[in-house]
Structures are given as C-alpha cells and as structure tokens.
>>> print(open('data.cif').read())   # mmCIF, C-alpha atoms
data_protein
#
loop_
_atom_site.group_PDB
_atom_site.id
_atom_site.type_symbol
_atom_site.label_atom_id
_atom_site.label_comp_id
_atom_site.auth_asym_id
_atom_site.auth_seq_id
_atom_site.Cartn_x
_atom_site.Cartn_y
_atom_site.Cartn_z
ATOM 1 C CA MET N 1255 -8.436 -47.169 -67.830
ATOM 2 C CA SER N 1256 -6.620 -49.276 -65.244
ATOM 3 C CA ARG N 1257 -3.571 -46.960 -65.309
ATOM 4 C CA ARG N 1258 -5.801 -43.863 -64.745
ATOM 5 C CA ALA N 1259 -7.609 -45.635 -61.906
ATOM 6 C CA SER N 1260 -4.312 -46.560 -60.235
ATOM 7 C CA GLY N 1261 -2.918 -42.964 -60.675
ATOM 8 C CA CYS N 1262 -5.878 -41.195 -59.004
ATOM 9 C CA PRO N 1263 -5.307 -42.519 -55.467
ATOM 10 C CA ALA N 1264 -1.631 -41.540 -55.668
ATOM 11 C CA GLY N 1265 -2.518 -37.963 -56.738
ATOM 12 C CA LEU N 1266 -5.113 -37.709 -53.998
ATOM 13 C CA LEU N 1267 -2.578 -38.745 -51.360
ATOM 14 C CA LEU N 1268 -0.080 -36.112 -52.578
ATOM 15 C CA THR N 1269 -2.758 -33.408 -52.360
ATOM 16 C CA VAL N 1270 -3.710 -34.353 -48.770
ATOM 17 C CA ALA N 1271 -0.041 -34.370 -47.712
ATOM 18 C CA TRP N 1272 0.553 -30.904 -49.213
ATOM 19 C CA LEU N 1273 -2.484 -29.496 -47.373
ATOM 20 C CA LEU N 1274 -1.251 -30.919 -44.051
ATOM 21 C CA LEU N 1275 2.159 -29.295 -44.536
ATOM 22 C CA ALA N 1276 0.732 -25.951 -45.645
ATOM 23 C CA GLY N 1277 -1.745 -25.721 -42.717
ATOM 24 C CA PRO N 1278 0.745 -24.765 -39.916
ATOM 25 C CA GLN N 1279 2.476 -22.232 -42.181
ATOM 26 C CA SER N 1280 -0.808 -20.502 -42.999
ATOM 27 C CA SER N 1281 -1.674 -20.278 -39.290
ATOM 28 C CA GLY N 1282 1.754 -18.748 -38.606
ATOM 29 C CA TRP N 1283 1.178 -16.065 -41.228
ATOM 30 C CA THR N 1284 -2.122 -15.176 -39.555
ATOM 31 C CA SER N 1285 -0.363 -14.569 -36.202
ATOM 32 C CA VAL N 1286 2.222 -12.293 -37.781
ATOM 33 C CA SER N 1287 -0.411 -10.172 -39.477
ATOM 34 C CA ALA N 1288 -2.191 -9.789 -36.146
ATOM 35 C CA VAL N 1289 0.982 -8.449 -34.507
ATOM 36 C CA GLN N 1290 1.500 -5.732 -37.094
ATOM 37 C CA GLU N 1291 0.298 -2.322 -35.919
ATOM 38 C CA PRO N 1292 -1.306 0.172 -38.254
ATOM 39 C CA GLY N 1293 0.397 3.457 -38.936
ATOM 40 C CA LEU N 1294 3.939 2.194 -38.202
ATOM 41 C CA GLY N 1295 5.042 2.098 -41.847
ATOM 42 C CA PRO N 1296 3.868 2.229 -45.477
ATOM 43 C CA GLU N 1297 1.499 -0.439 -46.652
ATOM 44 C CA ALA N 1298 3.316 -3.268 -48.444
ATOM 45 C CA ASP N 1299 2.218 -5.304 -51.399
ATOM 46 C CA PRO N 1300 0.392 -8.521 -50.379
ATOM 47 C CA GLU N 1301 2.665 -10.586 -52.629
ATOM 48 C CA GLU N 1302 5.776 -9.130 -50.981
ATOM 49 C CA GLU N 1303 4.297 -9.836 -47.516
ATOM 50 C CA GLU N 1304 3.669 -13.444 -48.474
ATOM 51 C CA GLU N 1305 7.200 -13.845 -49.767
ATOM 52 C CA ALA N 1306 8.681 -12.261 -46.602
ATOM 53 C CA ALA N 1307 6.534 -14.431 -44.357
ATOM 54 C CA ALA N 1308 7.437 -17.562 -46.291
ATOM 55 C CA GLN N 1309 11.140 -16.714 -46.069
ATOM 56 C CA SER N 1310 11.058 -15.990 -42.302
ATOM 57 C CA TYR N 1311 9.025 -19.020 -41.380
ATOM 58 C CA SER N 1312 11.017 -21.284 -43.591
ATOM 59 C CA GLU N 1313 13.921 -20.679 -41.166
ATOM 60 C CA MET N 1314 11.955 -21.569 -38.000
ATOM 61 C CA GLY N 1315 9.269 -24.060 -37.034
ATOM 62 C CA PRO N 1316 5.604 -23.283 -36.459
ATOM 63 C CA GLN N 1317 5.888 -23.482 -32.620
ATOM 64 C CA GLU N 1318 8.813 -21.058 -32.530
ATOM 65 C CA ALA N 1319 6.914 -18.654 -34.768
ATOM 66 C CA ARG N 1320 3.869 -18.658 -32.468
ATOM 67 C CA ALA N 1321 6.023 -18.058 -29.345
ATOM 68 C CA GLU N 1322 7.824 -15.163 -30.991
ATOM 69 C CA ALA N 1323 4.550 -13.573 -32.072
ATOM 70 C CA GLN N 1324 3.115 -13.822 -28.523
ATOM 71 C CA ASP N 1325 6.240 -12.252 -26.991
ATOM 72 C CA HIS N 1326 6.029 -9.434 -29.491
ATOM 73 C CA VAL N 1327 2.392 -8.742 -28.575
ATOM 74 C CA LEU N 1328 3.149 -8.749 -24.828
ATOM 75 C CA ASN N 1329 6.045 -6.346 -25.287
ATOM 76 C CA ARG N 1330 3.976 -3.896 -27.292
ATOM 77 C CA THR N 1331 0.787 -4.115 -25.143
ATOM 78 C CA VAL N 1332 1.259 -2.681 -21.614
ATOM 79 C CA VAL N 1333 -1.826 -2.208 -19.460
ATOM 80 C CA ARG N 1334 -1.539 0.976 -17.361
ATOM 81 C CA GLU N 1335 -3.714 1.370 -14.253
ATOM 82 C CA VAL N 1336 -4.133 4.797 -12.644
ATOM 83 C CA GLU N 1337 -5.298 5.824 -9.168
ATOM 84 C CA PHE N 1338 -6.316 9.265 -7.945
ATOM 85 C CA GLY N 1339 -4.941 10.332 -4.559
ATOM 86 C CA MET N 1340 -6.871 12.200 -1.874
ATOM 87 C CA CYS N 1341 -7.411 15.908 -2.319
ATOM 88 C CA THR N 1342 -5.391 18.064 0.065
ATOM 89 C CA VAL N 1343 -8.464 20.113 0.993
ATOM 90 C CA THR N 1344 -12.126 19.442 1.701
ATOM 91 C CA CYS N 1345 -13.259 22.786 0.312
ATOM 92 C CA GLY N 1346 -11.973 25.446 -2.033
ATOM 93 C CA ILE N 1347 -9.020 24.518 -4.240
ATOM 94 C CA GLY N 1348 -6.232 22.017 -3.588
ATOM 95 C CA THR N 1349 -4.070 19.394 -5.260
ATOM 96 C CA ARG N 1350 -4.033 15.626 -5.599
ATOM 97 C CA GLU N 1351 -1.586 13.063 -6.969
ATOM 98 C CA ILE N 1352 -2.111 10.840 -9.997
ATOM 99 C CA ILE N 1353 -0.542 7.484 -9.136
ATOM 100 C CA LEU N 1354 0.385 4.768 -11.642
ATOM 101 C CA THR N 1355 -0.038 1.276 -10.161
ATOM 102 C CA ASN N 1356 1.132 -0.749 -13.164
ATOM 103 C CA GLY N 1357 3.834 -0.125 -15.729
ATOM 104 C CA CYS N 1358 6.112 1.992 -13.511
ATOM 105 C CA PRO N 1359 9.761 2.274 -14.549
ATOM 106 C CA GLY N 1360 12.255 0.189 -12.625
ATOM 107 C CA GLY N 1361 9.674 -2.393 -11.585
ATOM 108 C CA GLU N 1362 8.205 -0.162 -8.849
ATOM 109 C CA SER N 1363 4.731 -1.006 -7.589
ATOM 110 C CA LYS N 1364 3.538 2.628 -7.584
ATOM 111 C CA CYS N 1365 4.828 5.882 -8.996
ATOM 112 C CA ILE N 1366 3.497 9.437 -9.189
ATOM 113 C CA VAL N 1367 2.699 10.494 -12.731
ATOM 114 C CA ARG N 1368 1.677 14.104 -12.063
ATOM 115 C CA VAL N 1369 -0.079 16.441 -9.633
ATOM 116 C CA GLU N 1370 -3.332 18.075 -10.650
ATOM 117 C CA GLU N 1371 -5.865 20.457 -9.151
ATOM 118 C CA CYS N 1372 -8.906 19.349 -7.208
ATOM 119 C CA ARG N 1373 -11.803 21.448 -5.970
ATOM 120 C CA GLY N 1374 -14.499 21.210 -3.357
ATOM 121 C CA PRO N 1375 -17.323 23.392 -2.075
ATOM 122 C CA VAL N 1376 -16.646 27.128 -2.293
ATOM 123 C CA ASP N 1377 -17.663 28.016 1.278
ATOM 124 C CA CYS N 1378 -14.996 26.845 3.763
ATOM 125 C CA GLY N 1379 -16.687 28.317 6.832
ATOM 126 C CA TRP N 1380 -14.555 29.747 9.649
ATOM 127 C CA GLY N 1381 -10.810 29.283 9.409
ATOM 128 C CA THR N 1382 -7.884 29.640 11.816
ATOM 129 C CA PRO N 1383 -5.044 32.172 11.546
ATOM 130 C CA ILE N 1384 -1.654 30.979 10.359
ATOM 131 C CA SER N 1385 -0.002 32.846 13.271
ATOM 132 C CA GLU N 1386 -1.175 35.024 16.161
ATOM 133 C CA SER N 1387 0.064 36.772 19.269
ATOM 134 C CA LEU N 1388 -1.428 38.994 21.967
ATOM 135 C CA GLU N 1389 -1.040 42.061 19.736
ATOM 136 C CA SER N 1390 -1.655 40.935 16.131
ATOM 137 C CA VAL N 1391 -2.966 38.150 13.883
ATOM 138 C CA ARG N 1392 -1.916 36.968 10.415
ATOM 139 C CA LEU N 1393 -4.657 35.639 8.121
ATOM 140 C CA ALA N 1394 -4.293 33.801 4.800
ATOM 141 C CA CYS N 1395 -6.635 33.159 1.869
ATOM 142 C CA ILE N 1396 -7.111 29.727 0.330
ATOM 143 C CA HIS N 1397 -4.786 29.269 -2.655
ATOM 144 C CA ILE N 1398 -2.229 26.992 -4.288
ATOM 145 C CA SER N 1399 1.046 27.745 -6.031
ATOM 146 C CA PRO N 1400 1.634 30.008 -7.804
ATOM 147 C CA GLU N 1401 0.045 32.602 -5.530
ATOM 148 C CA ASN N 1402 -0.216 35.324 -8.169
ATOM 149 C CA ARG N 1403 -2.401 33.130 -10.329
ATOM 150 C CA PHE N 1404 -5.499 34.133 -8.356
ATOM 151 C CA LYS N 1405 -7.059 37.385 -7.216
ATOM 152 C CA TYR N 1406 -8.033 37.992 -3.599
ATOM 153 C CA MET N 1407 -10.729 40.145 -2.050
ATOM 154 C CA TRP N 1408 -10.679 40.906 1.689
ATOM 155 C CA LYS N 1409 -13.852 42.065 3.419
ATOM 156 C CA PHE N 1410 -14.469 43.490 6.862
ATOM 157 C CA LEU N 1411 -17.688 41.973 8.196
ATOM 158 C CA ARG N 1412 -20.042 44.077 10.293
ATOM 159 C CA PRO N 1413 -23.181 42.772 12.020
ATOM 160 C CA ASN N 1414 -26.408 43.677 10.231
ATOM 161 C CA GLN N 1415 -24.511 45.784 7.699
ATOM 162 C CA GLN N 1416 -22.901 45.415 4.319
ATOM 163 C CA PRO N 1417 -19.289 44.189 4.396
ATOM 164 C CA VAL N 1418 -16.542 46.685 3.676
ATOM 165 C CA VAL N 1419 -14.102 45.732 0.908
ATOM 166 C CA LEU N 1420 -10.508 46.365 1.975
ATOM 167 C CA ALA N 1421 -7.767 47.739 -0.231
ATOM 168 C CA ASN N 1422 -5.479 44.783 0.446
ATOM 169 C CA ASP N 1423 -5.519 42.412 -2.569
ATOM 170 C CA SER N 1424 -2.795 39.990 -1.446
ATOM 171 C CA ALA N 1425 -3.261 36.526 -0.007
ATOM 172 C CA ILE N 1426 -1.995 37.576 3.455
ATOM 173 C CA LEU N 1427 -3.611 40.082 5.821
ATOM 174 C CA ASP N 1428 -2.068 41.322 9.100
ATOM 175 C CA VAL N 1429 -4.558 42.627 11.659
ATOM 176 C CA ARG N 1430 -3.899 44.266 15.018
ATOM 177 C CA ARG N 1431 -6.175 43.342 17.891
ATOM 178 C CA GLU N 1432 -8.559 45.909 19.269
ATOM 179 C CA ALA N 1433 -10.748 46.298 22.315
ATOM 180 C CA HIS N 1434 -13.573 44.364 20.625
ATOM 181 C CA PRO N 1435 -13.543 41.298 18.323
ATOM 182 C CA LEU N 1436 -13.382 41.682 14.537
ATOM 183 C CA ALA N 1437 -14.498 39.473 11.636
ATOM 184 C CA PHE N 1438 -12.940 39.222 8.169
ATOM 185 C CA GLU N 1439 -13.651 37.266 5.000
ATOM 186 C CA CYS N 1440 -11.381 36.422 2.049
ATOM 187 C CA GLU N 1441 -12.628 35.372 -1.382
ATOM 188 C CA THR N 1442 -10.304 33.696 -3.865
ATOM 189 C CA LEU N 1443 -11.213 34.496 -7.484
ATOM 190 C CA GLU N 1444 -10.195 32.947 -10.788
ATOM 191 C CA ASN N 1445 -11.490 34.431 -14.045
ATOM 192 C CA HIS N 1446 -13.802 36.693 -11.996
ATOM 193 C CA ALA N 1447 -15.420 33.650 -10.353
ATOM 194 C CA VAL N 1448 -15.202 32.860 -6.631
ATOM 195 C CA ILE N 1449 -13.596 29.433 -6.117
ATOM 196 C CA ALA N 1450 -13.011 29.639 -2.343
ATOM 197 C CA SER N 1451 -14.254 31.683 0.596
ATOM 198 C CA VAL N 1452 -13.154 31.619 4.240
ATOM 199 C CA LYS N 1453 -13.976 33.742 7.323
ATOM 200 C CA PHE N 1454 -11.853 34.616 10.352
ATOM 201 C CA THR N 1455 -12.535 35.957 13.840
ATOM 202 C CA VAL N 1456 -9.938 38.213 15.469
ATOM 203 C CA TYR N 1457 -10.519 38.137 19.213
ATOM 204 C CA ALA N 1458 -10.031 41.178 21.439
ATOM 205 C CA VAL N 1459 -6.985 41.640 23.658
ATOM 206 C CA SER N 1460 -8.909 40.878 26.851
ATOM 207 C CA GLU N 1461 -10.333 37.693 25.358
ATOM 208 C CA MET N 1462 -6.877 36.545 24.294
ATOM 209 C CA GLN N 1463 -5.558 37.103 27.814
ATOM 210 C CA VAL N 1464 -8.399 35.044 29.228
ATOM 211 C CA ARG N 1465 -7.782 32.359 26.614
ATOM 212 C CA SER N 1466 -4.050 32.237 27.369
ATOM 213 C CA THR N 1467 -4.750 31.956 31.113
ATOM 214 C CA GLN N 1468 -7.307 29.250 30.466
ATOM 215 C CA SER N 1469 -4.835 27.360 28.287
ATOM 216 C CA HIS N 1470 -2.232 27.454 31.091
ATOM 217 C CA ILE N 1471 -4.807 26.175 33.561
ATOM 218 C CA ASP N 1472 -5.804 23.410 31.182
ATOM 219 C CA THR N 1473 -2.164 22.435 30.762
ATOM 220 C CA LEU N 1474 -1.691 22.303 34.543
ATOM 221 C CA LEU N 1475 -4.853 20.222 34.985
ATOM 222 C CA VAL N 1476 -3.721 17.787 32.332
ATOM 223 C CA PHE N 1477 -0.327 17.471 34.037
ATOM 224 C CA VAL N 1478 -1.880 16.847 37.473
ATOM 225 C CA LEU N 1479 -4.335 14.347 36.024
ATOM 226 C CA THR N 1480 -1.514 12.492 34.281
ATOM 227 C CA ILE N 1481 0.515 12.294 37.507
ATOM 228 C CA GLY N 1482 -2.553 11.035 39.391
ATOM 229 C CA VAL N 1483 -3.197 8.334 36.824
ATOM 230 C CA VAL N 1484 0.442 7.215 36.970
ATOM 231 C CA ILE N 1485 0.342 7.017 40.783
ATOM 232 C CA CYS N 1486 -2.933 5.036 40.733
ATOM 233 C CA VAL N 1487 -1.512 2.581 38.217
ATOM 234 C CA PHE N 1488 1.628 2.185 40.354
ATOM 235 C CA VAL N 1489 -0.427 1.492 43.506
ATOM 236 C CA ILE N 1490 -2.579 -1.033 41.625
ATOM 237 C CA PHE N 1491 0.540 -2.878 40.447
ATOM 238 C CA ILE N 1492 1.895 -2.964 44.015
ATOM 239 C CA LEU N 1493 -1.386 -4.385 45.331
ATOM 240 C CA ILE N 1494 -1.434 -7.020 42.605
ATOM 241 C CA PHE N 1495 2.156 -7.972 43.433
ATOM 242 C CA ILE N 1496 1.316 -8.297 47.149
ATOM 243 C CA ILE N 1497 -1.747 -10.460 46.417
ATOM 244 C CA ILE N 1498 0.198 -12.759 44.105
ATOM 245 C CA ASN N 1499 3.164 -13.101 46.506
ATOM 246 C CA TRP N 1500 1.200 -12.966 49.762
ATOM 247 C CA THR N 1501 3.035 -15.930 51.358
ATOM 248 C CA ALA N 1502 6.463 -14.438 50.772
ATOM 249 C CA VAL N 1503 5.344 -11.006 51.987
ATOM 250 C CA LYS N 1504 3.804 -12.489 55.137
ATOM 251 C CA SER N 1505 6.939 -14.451 56.007
ATOM 252 C CA PHE N 1506 9.093 -11.370 55.381
ATOM 253 C CA TRP N 1507 7.050 -9.175 57.729
ATOM 254 C CA GLY N 1508 6.956 -11.984 60.360
ATOM 255 C CA THR N 1509 10.732 -12.291 60.482
ATOM 256 C CA LYS N 1510 11.064 -8.501 60.648
ATOM 257 C CA ALA N 1511 8.605 -8.296 63.573
ATOM 258 C CA SER N 1512 10.428 -11.050 65.520
ATOM 259 C CA THR N 1513 13.757 -9.305 65.109
ATOM 260 C CA ASN N 1514 12.218 -6.099 66.471
ATOM 261 C CA GLU N 1515 10.762 -7.833 69.586
ATOM 262 C CA VAL N 1516 14.098 -9.256 70.810
ATOM 263 C CA PRO N 1517 15.841 -5.870 71.128
ATOM 264 C CA SER N 1518 12.779 -4.445 72.927
ATOM 265 C CA GLU N 1519 12.946 -7.184 75.605
ATOM 266 C CA LEU N 1520 16.656 -6.623 76.079
ATOM 267 C CA ASP N 1521 16.061 -2.910 76.423
ATOM 268 C CA SER N 1522 13.448 -3.486 79.158
ATOM 269 C CA VAL N 1523 15.795 -5.720 81.139
ATOM 270 C CA ARG N 1524 18.585 -3.183 80.835
ATOM 271 C CA TYR N 1525 16.219 -0.429 82.018
ATOM 272 C CA LYS N 1526 15.284 -2.397 85.133
ATOM 273 C CA ASP N 1527 18.899 -3.096 85.956
ATOM 274 C CA SER N 1528 19.864 0.512 85.481
ATOM 275 C CA ALA N 1529 16.972 1.629 87.671
ATOM 276 C CA SER N 1530 18.043 -0.694 90.470
ATOM 277 C CA VAL N 1531 21.629 0.481 90.233
ATOM 278 C CA ASP N 1532 20.669 4.131 90.249
ATOM 279 C CA GLN N 1533 18.850 3.849 93.623
ATOM 280 C CA SER N 1534 20.828 5.321 96.573
ATOM 281 C CA PRO N 1535 21.314 3.585 100.035
ATOM 282 C CA VAL N 1536 19.022 6.121 101.660
ATOM 283 C CA ASP N 1537 16.214 5.139 99.316
ATOM 284 C CA ILE N 1538 16.818 1.489 99.966
ATOM 285 C CA ARG N 1539 16.653 2.028 103.797
ATOM 286 C CA GLY N 1540 13.474 4.091 103.421
ATOM 287 C CA GLN N 1541 11.864 1.317 101.395
ATOM 288 C CA GLU N 1542 12.889 -1.283 103.998
ATOM 289 C CA GLU N 1543 11.397 0.831 106.833
ATOM 290 C CA GLU N 1544 8.169 1.269 104.945
ATOM 291 C CA ALA N 1545 8.013 -2.464 104.395
ATOM 292 C CA ASP N 1546 8.553 -3.153 108.108
ATOM 293 C CA ALA N 1547 5.886 -0.639 109.072
ATOM 294 C CA LEU N 1548 3.415 -2.224 106.756
ATOM 295 C CA SER N 1549 4.161 -5.652 108.111
ATOM 296 C CA GLU N 1550 3.675 -4.489 111.737
ATOM 297 C CA TRP N 1551 0.408 -2.776 110.853
ATOM 298 C CA ASN N 1552 -0.807 -5.914 109.219
ATOM 299 C CA GLU N 1553 -0.017 -7.909 112.346
#
>>> encode(input="data.cif", output="structure tokens")
Amino acid sequence: MSRRASGCPAGLLLTVAWLLLAGPQSSGWTSVSAVQEPGLGPEADPEEEEEAAAQSYSEMGPQEARAEAQDHVLNRTVVREVEFGMCTVTCGIGTREIILTNGCPGGESKCIVRVEECRGPVDCGWGTPISESLESVRLACIHISPENRFKYMWKFLRPNQQPVVLANDSAILDVRREAHPLAFECETLENHAVIASVKFTVYAVSEMQVRSTQSHIDTLLVFVLTIGVVICVFVIFILIFIIINWTAVKSFWGTKASTNEVPSELDSVRYKDSASVDQSPVDIRGQEEEADALSEWNE
C-alpha cells in the first residue's frame, strides 16, 4: 500500500506536465483552422489534419505559429471602401464615377473603379443652344455615349396648340432664325419611356441684333467701370502715401518753392535795369522838366 501511495503523486505530476505542454499546441491548431477558407479545396480527413498540424507546429514555437496565422488572415482579408462621385447632370441622364478609397493598386489613396449611369428628374426646363449665330442655331438633346442608344423626338411648340412632331430623329437639330421667335422641345427615349426632356427658344433676327448690341454695350460699361475702379484705387494709394509721409512731402515742396522765388527776384531786377537802359535821352530830359515844373508849382 505504501508503494501505491508513493506512486500516485508521481503519476499526477506527469499528467499535469503533459497537459501544460499540450495546451499551447491545441491553441495553435485552433488558429490554423480559423484561417482556412471554405471552398478552396477538398475536405480532408480530421486525422490527417491533426497529423499535418502536429508536424508543422513541431517545427516552430507557439508564438511563431500565432504570428504566421495573423499575417495570413490580414493578407487574405482586404476591406474595400467605395465612394460615389457627383452626377454630371442635375436632370435627365448622366454619368458618375465609382471611386475606391481603400485597396487601390500601387498604394494609391483613391482610384476609379468604373463609370456608371446616374439619372435625375425628367424635365430639364429651358436649355441653351450648343452654338448660335445671327442666322442659325444648333440645338442638342440630352444624351450620353453612345448616341445611337437612345431615340429622340423633336417637337415644334405653338402657343395654345398641340405641338408638331418633326421628322428629325437625331440628337442634333439645326434651325434658321425667322422674323418671330420659335420654341422647340426634345424628348430622349429609352425603351419607349421618356428619360429626359428639354426646351429651347430660338430668338428672332431683330432680337439677336438687339442682344448683340446690348452685349457690346455691357462689355464697354464693364471696361469703363474697371478703369474707373483702378484709377480710384490709385488715387487712394497716393493720398495714403502723402498722409504717411507728410513731413517729407512738405519739406520737398518747401525747397522747390524757395528755388522758384530766387529766379523770380533776379528776373525783376533784370527787368528794371533793362527798362532804365532802354530809355532815350529825350525821355530823360522830359522827365526832368516835368519834375522841375512840379517843384515850382508846389512852391
């Protein structure tokens, strides 16, 4: 009985030591099974998986096995974030960019994945021609590439009457100006459904002449106003400079005034001398006689 009692503690210690050694290995096997992805290969036998795991982890420590499993998970799991760009139009049909903000190739912060369609309200109101002159106007329907993907319906609008459908079914319409204004509408259709509609006004020839003249006048007024503003700003800067440097400006004008006074005095003296020299002897005698006569009269 004493030998059995002494053998039990030794067996218990061996069991505890084996459990401590087997614990890290079992945790390492759990990490590897979590990394495996379903559908990548045929299912293996559990016994073969245990043997492979025991063989691989027998060559490395538990810490190295955990680090390798984490790196494997990070490499296989890439979070991709996507942003939608602004639509190129506020009505009708347009395009927008799909931008990838994470996971771009080459370490770029953003990259364009693709370009897709975007749509807004059907009615786009009144549009502007793509080109115009005094004689003609070119109008365009709302569309995106390719142009032949859609169908187009042009209408001539009349006040208080039904619109007239034109024979032109292309996206571009050329109109010549007339003596009175005209109105047109273009509908863009896809699968017999209207996806965009826009109207245009074609002004008369006389109105275009008035508009062109008015535009020239506006341009001239803007030019004159700009020149006036520049001159005012220049004058304000000069006044500010004079106020800041008033002492220097005052001394400068004082010295300039003094230099101008000296030549004026010299000129007056020279004028008197020249006047006295220019007098003839007859004039001098006449002046002396007048002086004597005055003196006698006074006596």
>>> resolve_selection(input="data.cif", expression="the PyMOL selection byres ((chain N and resi 1448) around 10)", output="VMD selection string")
chain N and resid 1346 1376 to 1377 1404 to 1407 1441 to 1447 1449 to 1451
>>> atom_distance(input="data.cif", atom1="atom CA of N:Ala1421", atom2="atom CA of N:Glu1439")
13.1 Å
>>> axis_aligned_box(input="data.cif", around="stretch 1501-1511 of chain N", padding_each_side="5 Å", output="AutoDock Vina command-line options")
--center_x 7.0 --center_y -12.1 --center_z 57.2 --size_x 18.0 --size_y 17.6 --size_z 22.8
>>> resolve_selection(input="data.cif", expression="the PyMOL selection byres ((chain N and resi 1366) around 6)", output="PyMOL selection string")
chain N and resi 1352-1353+1365+1367-1368
>>> resolve_selection(input="data.cif", expression="the PyMOL selection byres ((chain N and resi 1424) around 9)", output="list in words")
Ala1394, Cys1395, Glu1401, Asn1402, Lys1405, Tyr1406, Met1407, Trp1408, Asn1422, Asp1423, Ala1425, Ile1426 and Leu1427 of chain N
>>> write_last_selection(input="data.cif", atoms="C-alpha atoms", output="mmCIF file, in the frame of the given file")
data_model
loop_
_atom_site.group_PDB
_atom_site.id
_atom_site.type_symbol
_atom_site.label_atom_id
_atom_site.label_comp_id
_atom_site.auth_asym_id
_atom_site.auth_seq_id
_atom_site.Cartn_x
_atom_site.Cartn_y
_atom_site.Cartn_z
ATOM 1 C CA ALA N 1394 -4.293 33.801 4.800
ATOM 2 C CA CYS N 1395 -6.635 33.159 1.869
ATOM 3 C CA GLU N 1401 0.045 32.602 -5.530
ATOM 4 C CA ASN N 1402 -0.216 35.324 -8.169
ATOM 5 C CA LYS N 1405 -7.059 37.385 -7.216
ATOM 6 C CA TYR N 1406 -8.033 37.992 -3.599
ATOM 7 C CA MET N 1407 -10.729 40.145 -2.050
ATOM 8 C CA TRP N 1408 -10.679 40.906 1.689
ATOM 9 C CA ASN N 1422 -5.479 44.783 0.446
ATOM 10 C CA ASP N 1423 -5.519 42.412 -2.569
ATOM 11 C CA ALA N 1425 -3.261 36.526 -0.007
ATOM 12 C CA ILE N 1426 -1.995 37.576 3.455
ATOM 13 C CA LEU N 1427 -3.611 40.082 5.821
#
>>> closest_atom_pairs(input="data.cif", of="stretch 1379-1405 of chain N", to="stretch 1453-1462 of chain N", cutoff="12 Å", atoms="only C-alpha atoms", output="CSV")
residue,atom,partner,partner_atom,distance
N:Gly1379,CA,N:Lys1453,CA,6.1
N:Trp1380,CA,N:Lys1453,CA,4.7
N:Gly1381,CA,N:Phe1454,CA,5.5
N:Thr1382,CA,N:Phe1454,CA,6.5
N:Pro1383,CA,N:Phe1454,CA,7.3
N:Ile1384,CA,N:Phe1454,CA,10.8
N:Ser1385,CA,N:Val1456,CA,11.5
N:Glu1386,CA,N:Val1456,CA,9.4
N:Ser1387,CA,N:Met1462,CA,8.6
N:Leu1388,CA,N:Val1459,CA,6.4
N:Glu1389,CA,N:Val1459,CA,7.1
N:Ser1390,CA,N:Val1456,CA,8.7
N:Val1391,CA,N:Val1456,CA,7.2
N:Arg1392,CA,N:Val1456,CA,9.6
N:Leu1393,CA,N:Phe1454,CA,7.6
N:Ala1394,CA,N:Phe1454,CA,9.4
N:Cys1395,CA,N:Lys1453,CA,9.2
N:Ile1396,CA,N:Lys1453,CA,10.6
>>> closest_residue(input="data.cif", among="N:Ala1437, N:Glu1432, N:Val1343, N:His1397", to="N:Phe1410", atoms="only C-alpha atoms")
N:Ala1437
